[in-house]
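One file, protein10.cif, is given below (mmCIF, C-alpha atoms).
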```cif
data_start
#
loop_
_atom_site.label_atom_id
_atom_site.label_comp_id
_atom_site.auth_asym_id
_atom_site.auth_seq_id
_atom_site.Cartn_x
_atom_site.Cartn_y
_atom_site.Cartn_z
CA MET A 44 -38.28 2.74 21.13
CA GLY A 45 -36.26 3.11 17.94
CA ASP A 46 -32.50 2.89 17.58
CA GLY A 47 -32.13 6.65 17.66
CA PRO A 48 -32.84 7.27 21.33
CA ALA A 49 -30.89 4.17 22.29
CA LEU A 50 -27.75 5.37 20.52
CA GLU A 51 -28.31 8.85 21.86
CA ALA A 52 -28.67 7.51 25.38
CA GLY A 53 -25.68 5.27 24.88
CA ARG A 54 -23.39 8.28 24.76
CA PHE A 55 -23.76 8.66 28.54
CA ALA A 56 -22.60 5.14 29.19
CA PRO A 57 -19.10 3.75 29.45
CA ARG A 58 -17.63 2.39 26.23
CA GLY A 59 -19.13 -0.92 25.15
CA CYS A 60 -22.27 -0.49 27.19
CA ILE A 61 -25.37 0.54 25.33
CA VAL A 62 -28.17 1.78 27.54
CA LYS A 63 -31.70 2.07 26.26
CA PRO A 64 -34.58 4.14 27.59
CA TYR A 65 -37.35 2.37 29.46
CA ILE A 66 -40.54 4.05 30.54
CA ALA A 67 -41.33 2.38 33.81
CA GLU A 68 -44.35 2.08 36.04
CA LEU A 69 -43.18 0.29 39.18
CA HIS A 70 -46.45 0.13 41.09
CA SER A 71 -49.72 -1.20 39.71
CA HIS A 72 -52.54 -3.39 40.93
CA THR A 73 -54.71 -6.10 39.44
CA VAL A 74 -58.09 -7.52 40.44
CA LEU A 75 -56.24 -9.54 43.07
CA SER A 76 -56.10 -6.38 45.16
CA PRO A 77 -59.52 -5.96 46.78
CA CYS A 78 -59.35 -2.20 46.32
CA ALA A 79 -58.67 -2.42 42.56
CA GLU A 80 -61.48 -1.99 40.02
CA VAL A 81 -62.72 -5.01 38.05
CA GLU A 82 -61.25 -3.49 34.89
CA MET A 83 -57.73 -4.25 36.22
CA ILE A 84 -57.39 -7.49 34.27
CA PRO A 85 -54.22 -8.49 32.41
CA PRO A 86 -55.17 -7.64 28.79
CA LEU A 87 -56.53 -4.21 29.72
CA ILE A 88 -53.61 -3.46 32.01
CA VAL A 89 -51.15 -4.34 29.25
CA GLN A 90 -53.03 -2.43 26.55
CA THR A 91 -53.46 0.68 28.68
CA ALA A 92 -49.88 0.71 29.93
CA ILE A 93 -48.58 0.41 26.37
CA GLU A 94 -50.84 3.26 25.25
CA LYS A 95 -49.22 5.33 28.00
CA GLY A 96 -45.80 4.57 26.51
CA ILE A 97 -44.86 2.24 29.36
CA ASN A 98 -42.58 -0.64 28.41
CA LEU A 99 -41.47 -1.75 31.88
CA LEU A 100 -44.30 -2.54 34.26
CA ALA A 101 -44.19 -4.00 37.77
CA VAL A 102 -47.28 -5.79 39.02
CA THR A 103 -47.58 -5.10 42.73
CA ASP A 104 -50.69 -6.40 44.45
CA HIS A 105 -51.14 -6.09 48.20
CA ASN A 106 -49.15 -8.85 49.91
CA ALA A 107 -49.81 -11.09 46.91
CA SER A 108 -48.39 -12.04 43.53
CA ALA A 109 -50.73 -14.65 42.05
CA ASN A 110 -51.63 -12.50 39.00
CA VAL A 111 -48.05 -11.70 37.97
CA VAL A 112 -47.78 -14.60 35.52
CA ALA A 113 -51.10 -13.74 33.90
CA VAL A 114 -49.97 -10.18 33.20
CA GLN A 115 -46.62 -11.46 31.91
CA ARG A 116 -48.46 -13.79 29.53
CA ALA A 117 -50.78 -11.02 28.41
CA ALA A 118 -47.70 -8.91 27.63
CA GLN A 119 -45.99 -11.61 25.59
CA ASP A 120 -44.94 -10.37 22.13
CA THR A 121 -45.88 -6.78 22.97
CA GLY A 122 -42.36 -5.66 23.82
CA MET A 123 -43.45 -4.63 27.31
CA ILE A 124 -41.51 -6.22 30.15
CA VAL A 125 -43.49 -7.21 33.24
CA LEU A 126 -41.53 -7.47 36.48
CA PRO A 127 -42.81 -9.68 39.31
CA GLY A 128 -43.58 -7.58 42.35
CA MET A 129 -45.65 -7.01 45.44
CA GLU A 130 -46.78 -4.14 47.62
CA LEU A 131 -45.97 -5.44 51.06
CA GLN A 132 -47.55 -4.02 54.20
CA THR A 133 -45.06 -4.05 57.06
CA ARG A 134 -45.72 -4.35 60.78
CA GLU A 135 -45.64 -0.55 61.01
CA GLU A 136 -48.30 -0.44 58.25
CA VAL A 137 -45.79 1.02 55.80
CA HIS A 138 -46.35 0.01 52.18
CA LEU A 139 -43.21 -1.27 50.50
CA LEU A 140 -42.76 -2.13 46.82
CA CYS A 141 -40.81 -5.36 46.43
CA LEU A 142 -39.55 -5.92 42.88
CA PHE A 143 -37.89 -8.98 41.41
CA ASP A 144 -36.58 -10.39 38.13
CA THR A 145 -37.74 -13.98 38.21
CA LEU A 146 -40.77 -15.98 39.23
CA GLU A 147 -38.48 -18.11 41.43
CA GLN A 148 -37.57 -15.05 43.47
CA MET A 149 -41.21 -14.04 43.54
CA GLU A 150 -42.26 -17.45 44.81
CA ALA A 151 -39.59 -17.43 47.51
CA TRP A 152 -40.72 -13.97 48.58
CA GLN A 153 -44.41 -14.91 48.52
CA ASN A 154 -43.71 -17.97 50.67
CA LEU A 155 -41.96 -15.80 53.24
CA VAL A 156 -44.76 -13.25 53.22
CA ASP A 157 -47.39 -15.98 53.63
CA GLU A 158 -45.64 -17.07 56.82
CA HIS A 159 -45.91 -13.53 58.14
CA LEU A 160 -49.56 -12.81 57.32
CA PRO A 161 -52.18 -13.32 60.03
CA PRO A 162 -54.50 -16.31 59.42
CA LEU A 163 -57.51 -14.16 58.58
CA GLU A 164 -60.01 -14.49 55.76
CA ASN A 165 -60.95 -11.68 53.42
CA ASP A 166 -64.34 -10.14 54.10
CA ILE A 167 -65.60 -9.51 50.56
CA GLU A 168 -68.45 -7.25 51.71
CA HIS A 169 -66.04 -5.00 53.53
CA PHE A 170 -62.81 -5.06 51.53
CA GLY A 171 -63.83 -6.30 48.09
CA GLU A 172 -63.13 -9.27 45.84
CA GLN A 173 -59.65 -10.77 45.43
CA PHE A 174 -59.62 -12.48 42.04
CA VAL A 175 -56.88 -14.62 40.60
CA VAL A 176 -57.34 -14.54 36.82
CA ASP A 177 -55.70 -15.90 33.68
CA GLU A 178 -54.06 -13.87 30.92
CA THR A 179 -57.42 -13.18 29.28
CA GLY A 180 -58.90 -11.96 32.55
CA GLU A 181 -60.99 -15.09 33.07
CA PHE A 182 -61.73 -16.05 36.68
CA VAL A 183 -59.44 -18.75 38.09
CA ARG A 184 -60.13 -18.56 41.83
CA ARG A 185 -60.82 -16.28 44.75
CA GLU A 186 -57.91 -15.57 47.08
CA THR A 187 -59.37 -16.19 50.54
CA GLN A 188 -56.45 -14.88 52.63
CA LEU A 189 -57.07 -11.34 53.90
CA LEU A 190 -54.62 -9.26 51.86
CA LEU A 191 -55.38 -5.75 53.12
CA THR A 192 -53.54 -6.20 56.38
CA SER A 193 -50.08 -6.00 57.91
CA THR A 194 -47.50 -8.73 57.92
CA ASP A 195 -45.48 -8.95 61.12
CA LEU A 196 -42.26 -8.08 59.25
CA SER A 197 -40.69 -4.79 60.25
CA LEU A 198 -39.73 -2.38 57.49
CA GLU A 199 -36.05 -3.15 58.09
CA GLU A 200 -36.60 -6.91 58.13
CA ALA A 201 -38.54 -6.68 54.89
CA VAL A 202 -35.96 -4.50 53.11
CA ARG A 203 -33.12 -6.79 54.19
CA ALA A 204 -35.04 -9.90 53.16
CA VAL A 205 -35.79 -8.43 49.72
CA ASP A 206 -32.11 -7.46 49.37
CA SER A 207 -31.00 -10.92 50.38
CA ILE A 208 -32.75 -12.43 47.36
CA GLU A 209 -31.54 -9.62 45.09
CA GLY A 210 -34.82 -7.79 44.83
CA LEU A 211 -35.40 -4.06 45.05
CA ALA A 212 -37.44 -2.57 47.90
CA ILE A 213 -38.93 0.92 47.57
CA PRO A 214 -41.19 2.50 50.21
CA ALA A 215 -44.42 3.31 48.36
CA HIS A 216 -46.30 6.63 48.14
CA ILE A 217 -44.29 8.11 50.99
CA ASP A 218 -46.31 11.33 50.82
CA ARG A 219 -49.62 9.62 51.56
CA LYS A 220 -51.17 9.77 55.00
CA ALA A 221 -52.47 6.21 54.64
CA ASN A 222 -49.63 3.68 54.74
CA GLY A 223 -46.98 6.19 53.70
CA LEU A 224 -43.60 5.94 55.37
CA LEU A 225 -43.36 9.59 56.39
CA ALA A 226 -46.74 9.76 58.13
CA LEU A 227 -46.11 6.52 59.98
CA LEU A 228 -42.43 6.73 60.82
CA GLY A 229 -41.73 10.45 60.46
CA PHE A 230 -38.54 10.05 58.47
CA VAL A 231 -36.61 7.47 56.48
CA PRO A 232 -34.94 4.94 58.82
CA ALA A 233 -31.17 5.21 58.59
CA ASN A 234 -30.34 1.71 59.80
CA VAL A 235 -31.13 0.05 56.50
CA THR A 236 -30.21 0.90 52.90
CA ILE A 237 -33.16 2.44 51.10
CA GLU A 238 -32.42 2.65 47.37
CA ALA A 239 -35.28 4.96 46.46
CA LEU A 240 -38.58 6.40 47.62
CA GLU A 241 -41.79 6.46 45.65
CA LEU A 242 -43.97 9.54 45.34
CA SER A 243 -47.67 9.20 44.66
CA ARG A 244 -49.42 10.88 41.76
CA HIS A 245 -50.79 13.40 44.26
CA ILE A 246 -47.53 15.29 44.69
CA SER A 247 -45.08 16.65 42.15
CA VAL A 248 -41.40 15.85 42.09
CA ASP A 249 -40.59 19.54 42.63
CA VAL A 250 -42.87 20.05 45.61
CA ALA A 251 -42.06 16.82 47.48
CA PRO A 252 -38.57 17.74 48.79
CA LEU A 253 -39.83 21.16 49.86
CA ARG A 254 -42.70 19.71 51.82
CA TYR A 255 -40.63 16.80 53.15
CA PRO A 256 -37.01 17.96 53.60
CA GLN A 257 -36.23 14.61 55.25
CA ILE A 258 -36.32 12.89 51.83
CA ARG A 259 -33.53 15.00 50.32
CA GLY A 260 -30.68 12.88 49.02
CA TYR A 261 -32.86 9.85 48.28
CA PRO A 262 -33.52 8.93 44.66
CA LEU A 263 -37.21 9.38 43.85
CA VAL A 264 -39.54 7.53 41.53
CA ARG A 265 -43.17 8.37 40.92
CA ASP A 266 -45.97 5.98 40.01
CA GLY A 267 -49.69 5.97 39.51
CA ASP A 268 -50.34 3.14 41.99
CA ALA A 269 -53.02 2.27 39.45
CA HIS A 270 -56.17 0.74 40.90
CA ARG A 271 -58.01 1.88 37.75
CA LEU A 272 -56.94 1.94 34.13
CA ASN A 273 -56.79 5.72 33.98
CA GLU A 274 -54.29 5.91 36.82
CA PHE A 275 -51.10 4.79 35.05
CA LEU A 276 -48.55 7.60 35.00
CA GLY A 277 -45.55 6.45 32.96
CA VAL A 278 -43.27 9.26 34.12
CA ASN A 279 -40.17 7.28 35.12
CA GLU A 280 -37.58 7.14 32.38
CA PHE A 281 -34.71 4.77 33.06
CA LEU A 282 -31.62 4.35 30.92
CA LEU A 283 -30.69 0.69 31.33
CA GLU A 284 -28.68 -1.91 29.49
CA SER A 285 -31.45 -4.42 30.21
CA PRO A 286 -34.70 -4.30 32.17
CA THR A 287 -33.51 -5.94 35.38
CA VAL A 288 -33.61 -5.10 39.06
CA ALA A 289 -29.80 -4.84 39.16
CA GLU A 290 -29.92 -2.28 36.34
CA LEU A 291 -32.70 -0.34 38.08
CA LYS A 292 -30.49 -0.13 41.17
CA LEU A 293 -27.58 1.16 39.09
CA ALA A 294 -29.85 3.74 37.50
CA LEU A 295 -31.20 4.94 40.84
CA ARG A 296 -27.60 5.36 42.01
CA ARG A 297 -26.74 6.95 38.64
CA GLU A 298 -23.83 4.57 38.17
CA ASN A 299 -22.13 3.19 35.05
CA GLY A 300 -24.06 5.42 32.71
CA ARG A 301 -27.44 4.22 33.95
CA LEU A 302 -29.83 6.82 35.18
CA HIS A 303 -33.36 7.65 36.14
CA ARG A 304 -35.12 10.86 35.24
CA PHE A 305 -38.66 12.09 35.03
CA ARG A 306 -40.27 12.75 31.72
CA THR A 307 -43.14 15.12 31.17
CA VAL A 308 -46.13 13.38 29.72
CA MET Q 111 -46.83 12.27 89.74
CA THR Q 112 -43.38 10.86 88.99
CA LEU Q 113 -42.50 8.32 86.37
CA GLN Q 114 -41.92 5.81 89.17
CA ASP Q 115 -45.54 6.29 90.31
CA VAL Q 116 -46.73 5.73 86.74
CA ILE Q 117 -44.66 2.56 86.41
CA ASP Q 118 -46.06 1.23 89.69
CA GLN Q 119 -49.68 2.15 89.08
CA LEU Q 120 -49.80 0.80 85.52
CA ASN Q 121 -47.51 -2.11 86.35
CA LEU Q 122 -45.19 -1.29 83.46
CA LYS Q 123 -42.19 -3.31 82.35
CA VAL Q 124 -38.97 -1.32 82.01
CA LEU Q 125 -37.24 -2.22 78.71
CA THR Q 126 -34.28 0.13 78.96
CA GLN Q 127 -31.62 0.64 81.64
CA PRO Q 128 -33.33 1.73 84.86
CA ILE Q 129 -32.66 5.26 86.08
CA ASP Q 130 -34.04 7.09 89.08
CA PHE Q 131 -37.61 7.25 87.79
CA SER Q 132 -38.79 9.09 90.88
CA ALA Q 133 -36.70 12.05 89.71
CA VAL Q 134 -38.63 12.24 86.41
CA THR Q 135 -41.96 14.04 86.24
CA PRO Q 136 -43.89 13.80 82.97
CA THR Q 137 -45.12 17.21 81.82
CA SER Q 138 -48.09 15.86 79.90
CA GLY Q 139 -49.49 12.86 78.11
CA TYR Q 140 -49.78 12.15 74.40
CA THR Q 141 -50.92 9.28 72.26
CA SER Q 142 -50.60 8.52 68.54
CA ASP Q 143 -49.00 5.85 66.40
CA LEU Q 144 -48.24 8.22 63.53
CA LEU Q 145 -44.78 9.59 64.18
CA SER Q 146 -45.41 12.59 61.95
CA CYS Q 147 -48.29 13.56 64.27
CA VAL Q 148 -46.22 12.95 67.38
CA MET Q 149 -43.47 15.25 66.14
CA ALA Q 150 -46.03 17.94 65.45
CA GLY Q 151 -48.30 17.44 68.44
CA ALA Q 152 -46.52 16.11 71.53
CA ARG Q 153 -45.09 18.50 74.08
CA LYS Q 154 -41.57 18.48 75.46
CA GLY Q 155 -41.20 16.09 78.37
CA ALA Q 156 -44.44 14.28 77.53
CA LEU Q 157 -45.22 10.69 78.35
CA TRP Q 158 -46.06 9.09 74.99
CA VAL Q 159 -48.32 6.06 74.63
CA THR Q 160 -48.00 4.15 71.36
CA LEU Q 161 -48.34 0.77 69.73
CA GLN Q 162 -45.45 1.64 67.42
CA ALA Q 163 -42.25 -0.17 68.40
CA HIS Q 164 -40.13 0.89 65.43
CA LEU Q 165 -36.62 2.28 65.92
CA ASN Q 166 -37.78 5.74 64.83
CA ILE Q 167 -39.74 6.16 68.09
CA VAL Q 168 -36.39 6.63 69.84
CA ALA Q 169 -35.39 9.55 67.66
CA VAL Q 170 -38.79 11.17 68.09
CA ALA Q 171 -38.70 10.68 71.87
CA ALA Q 172 -35.16 12.07 72.07
CA LEU Q 173 -36.10 15.04 69.89
CA LEU Q 174 -38.96 15.93 72.24
CA GLU Q 175 -37.01 14.99 75.39
CA MET Q 176 -39.90 12.76 76.38
CA SER Q 177 -40.07 11.49 79.92
CA ALA Q 178 -40.78 7.99 78.58
CA VAL Q 179 -42.50 5.98 75.85
CA ILE Q 180 -45.10 3.42 76.88
CA ILE Q 181 -45.35 0.73 74.21
CA THR Q 182 -48.72 -1.01 74.41
CA GLU Q 183 -50.15 -4.44 73.54
CA ASP Q 184 -46.79 -6.04 74.31
CA ALA Q 185 -45.41 -4.81 70.98
CA GLN Q 186 -41.77 -5.74 71.17
CA PRO Q 187 -39.09 -3.30 70.05
CA ASP Q 188 -36.07 -5.10 68.63
CA ALA Q 189 -32.64 -5.11 70.28
CA ALA Q 190 -31.38 -2.29 68.03
CA THR Q 191 -34.23 -0.08 69.20
CA ILE Q 192 -33.56 -0.79 72.87
CA ASN Q 193 -29.81 -0.22 72.41
CA LYS Q 194 -30.45 3.06 70.65
CA ALA Q 195 -32.82 4.13 73.43
CA ASN Q 196 -30.13 3.40 76.02
CA GLU Q 197 -27.60 5.41 74.00
CA GLU Q 198 -30.00 8.34 73.69
CA GLY Q 199 -31.18 8.16 77.28
CA VAL Q 200 -34.74 7.43 76.25
CA THR Q 201 -36.83 5.32 78.64
CA LEU Q 202 -38.94 2.62 76.97
CA LEU Q 203 -41.72 1.03 79.02
CA SER Q 204 -44.04 -1.78 78.03
CA THR Q 205 -47.50 -3.02 78.88
CA ASP Q 206 -49.76 -5.79 77.63
CA LYS Q 207 -52.71 -3.37 77.87
CA GLN Q 208 -54.18 -1.63 74.84
CA SER Q 209 -53.44 2.05 74.32
CA PHE Q 210 -57.05 2.88 75.27
CA GLU Q 211 -56.67 1.39 78.72
CA ALA Q 212 -53.17 2.76 79.28
CA VAL Q 213 -54.31 6.26 78.40
CA GLY Q 214 -57.43 5.90 80.56
CA ARG Q 215 -55.35 4.92 83.56
CA LEU Q 216 -52.91 7.78 82.98
CA TRP Q 217 -55.80 10.22 82.75
CA ALA Q 218 -57.12 8.86 86.04
CA THR Q 219 -53.81 9.66 87.72
CA GLY Q 220 -54.38 13.31 86.82
CA LEU Q 221 -51.88 13.48 83.96
CA ARG Q 222 -53.04 15.84 81.20
#
```
Give the structure from the file, written as structure tokens.
Amino acid sequence: MGDGPALEAGRFAPRGCIVKPYIAELHSHTVLSPCAEVEMIPPLIVQTAIEKGINLLAVTDHNASANVVAVQRAAQDTGMIVLPGMELQTREEVHLLCLFDTLEQMEAWQNLVDEHLPPLENDIEHFGEQFVVDETGEFVRRETQLLLTSTDLSLEEAVRAVDSIEGLAIPAHIDRKANGLLALLGFVPANVTIEALELSRHISVDVAPLRYPQIRGYPLVRDGDAHRLNEFLGVNEFLLESPTVAELKLALRRENGRLHRFRTV
Amino acid sequence: MTLQDVIDQLNLKVLTQPIDFSAVTPTSGYTSDLLSCVMAGARKGALWVTLQAHLNIVAVAALLEMSAVIITEDAQPDAATINKANEEGVTLLSTDKQSFEAVGRLWATGLR
């Protein structure tokens, strides 16, 4: 990211506000997610994301966030920003990306989620390992709580709770049959503010609104939902003043010179 | 087989404002928890058995003019869902039974 594109991008913004381009991946897993490959350790995640041109990465494990700090540490001095996040599973089995700015927000959110998870242990044979690791990828502990399950929070409760601590909630891979909002709930609930919808890597941005007319009017993002290193996409380009959740919201609403667009990779 | 007979035989709780259930005759039965499938697969006037208690069930039931929705396993729709159902004239019923048993009992009454 040189000065050139930043100045170029800045022309769209109101006077005095300089926006810069960020290539964002808002949905990625680590070895904490039982379905992720063992290669999804912090240094490899960071290296691979950077090779893809990504400089804003959200770490979003299933109902968990214990590897966020390790990825942040692995990304130190690389120029890539790592946002704390989670892929929550709601009562309706909808997957919801929950993105935050600070570890304090993340901790508050994790505490709430922990209260809403059933007291069940992970079955390693069946679901896979759930590893908490350090920034080098070294084993720290096994997460014993079953993560691949639903909380008893409704989609609306979850979105409102994320909003209330100034996070950003985005229904994940809405085009997927498994845990996608459209398969489960048919259409986007209107009784809560949904800032954006995420498309999976299995559908193109052009095809999605044709196949699912009920998503028209909603801002879209698209992510790799990487469970393996070769699954990062890096197709979201945001113009932001700084890499924060508040700025992402402005960009999704295309306000104050911030915007989101898709780049071809 | 009227809706009143169904409510009596399956011992269902009525969550929405009671109407004259003996004047309602379900055309058919349907079960799924995926609302996309329900919209594509359920027939008009059907009696729908689901574990899903989300607000969107009301819109789907209204769209298909369903005779009622039976929510299983005591899944509790929130107040907004019940209010919306009353507004839309959708009947929500509840049972502590699992969908499997509810559907089995409905089948036994002759509903298809």
Next on the checklist: Suppose a student applies the PyMOL selection byres ((chain Q) within 9 of (chain A)) to this structure; what residues should they get, written as a ChimeraX atom specification?
Outcome noted: /Q:143-149,162-167,170
So that I can see what lies close to stretch 173-181 of chain A, please list as a PDB file with C-alpha atoms, keeping the file's coordinate frame the residues with an atom at most 8 Å from it, counting all atoms listed in the file and leaving out residues fewer than 2 positions away in the same chain.
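Contents of around-v6.pdb, freshly written:
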```
ATOM      1  CA  VAL A  74     -58.090  -7.520  40.440  1.00  0.00           C
ATOM      2  CA  LEU A  75     -56.240  -9.540  43.070  1.00  0.00           C
ATOM      3  CA  SER A  76     -56.100  -6.380  45.160  1.00  0.00           C
ATOM      4  CA  PRO A  77     -59.520  -5.960  46.780  1.00  0.00           C
ATOM      5  CA  ILE A  84     -57.390  -7.490  34.270  1.00  0.00           C
ATOM      6  CA  PRO A  85     -54.220  -8.490  32.410  1.00  0.00           C
ATOM      7  CA  PRO A  86     -55.170  -7.640  28.790  1.00  0.00           C
ATOM      8  CA  ALA A 109     -50.730 -14.650  42.050  1.00  0.00           C
ATOM      9  CA  ASN A 110     -51.630 -12.500  39.000  1.00  0.00           C
ATOM     10  CA  VAL A 112     -47.780 -14.600  35.520  1.00  0.00           C
ATOM     11  CA  ALA A 113     -51.100 -13.740  33.900  1.00  0.00           C
ATOM     12  CA  VAL A 114     -49.970 -10.180  33.200  1.00  0.00           C
ATOM     13  CA  GLN A 115     -46.620 -11.460  31.910  1.00  0.00           C
ATOM     14  CA  ARG A 116     -48.460 -13.790  29.530  1.00  0.00           C
ATOM     15  CA  ALA A 117     -50.780 -11.020  28.410  1.00  0.00           C
ATOM     16  CA  ILE A 167     -65.600  -9.510  50.560  1.00  0.00           C
ATOM     17  CA  GLY A 171     -63.830  -6.300  48.090  1.00  0.00           C
ATOM     18  CA  VAL A 183     -59.440 -18.750  38.090  1.00  0.00           C
ATOM     19  CA  ARG A 184     -60.130 -18.560  41.830  1.00  0.00           C
ATOM     20  CA  ARG A 185     -60.820 -16.280  44.750  1.00  0.00           C
ATOM     21  CA  GLU A 186     -57.910 -15.570  47.080  1.00  0.00           C
ATOM     22  CA  THR A 187     -59.370 -16.190  50.540  1.00  0.00           C
TER      23      THR A 187
END
```
How would you write, as a CSV table (one decimal) with C-alpha atoms, keeping the file's coordinate frame, the residues chosen by the PyMOL selection byres ((chain A and resi 71) around 6) on this structure?
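For reference, selection_15.csv as written:
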```csv
chain,number,residue,atom,x,y,z
A,70,HIS,CA,-46.4,0.1,41.1
A,72,HIS,CA,-52.5,-3.4,40.9
A,102,VAL,CA,-47.3,-5.8,39.0
A,103,THR,CA,-47.6,-5.1,42.7
A,268,ASP,CA,-50.3,3.1,42.0
A,269,ALA,CA,-53.0,2.3,39.4
```
With 3 Å of padding per side, what axis-aligned box (centre and edge lengths, Å, one decimal) covers all the listed atoms of stretch 218-221 of chain A? Give it as lines of an AutoDock Vina configuration file.
```
center_x = -49.4
center_y = 8.8
center_z = 52.9
size_x = 12.2
size_y = 11.1
size_z = 10.2
```
Checklist entry - Within 9 Å of (-42.7, -5.1, 35.7), all atoms listed in the file: residues as a ChimeraX atom specification? => result /A:67-71,98-103,111,115,123-128,142-144,286
Checklist entry - Between Q:Leu221, Q:Val124, Q:Ala212, Q:Ile117, which one has atoms that come closest to Q:Ile192, using all atoms listed in the file? => result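 Of all the options, Q:Val124 lies closest to Q:Ile192.
Once the PyMOL selection byres ((chain A and resi 196) around 10) is applied to the shown structure, the selection contains Leu131, Gln132, Thr133, Arg134, Glu135, Glu136, Leu155, Val156, Glu158, His159, Leu160, Ser193, Thr194, Asp195, Ser197, Leu198, Glu199, Glu200, Ala201, Val202 and Ala204 of chain A.
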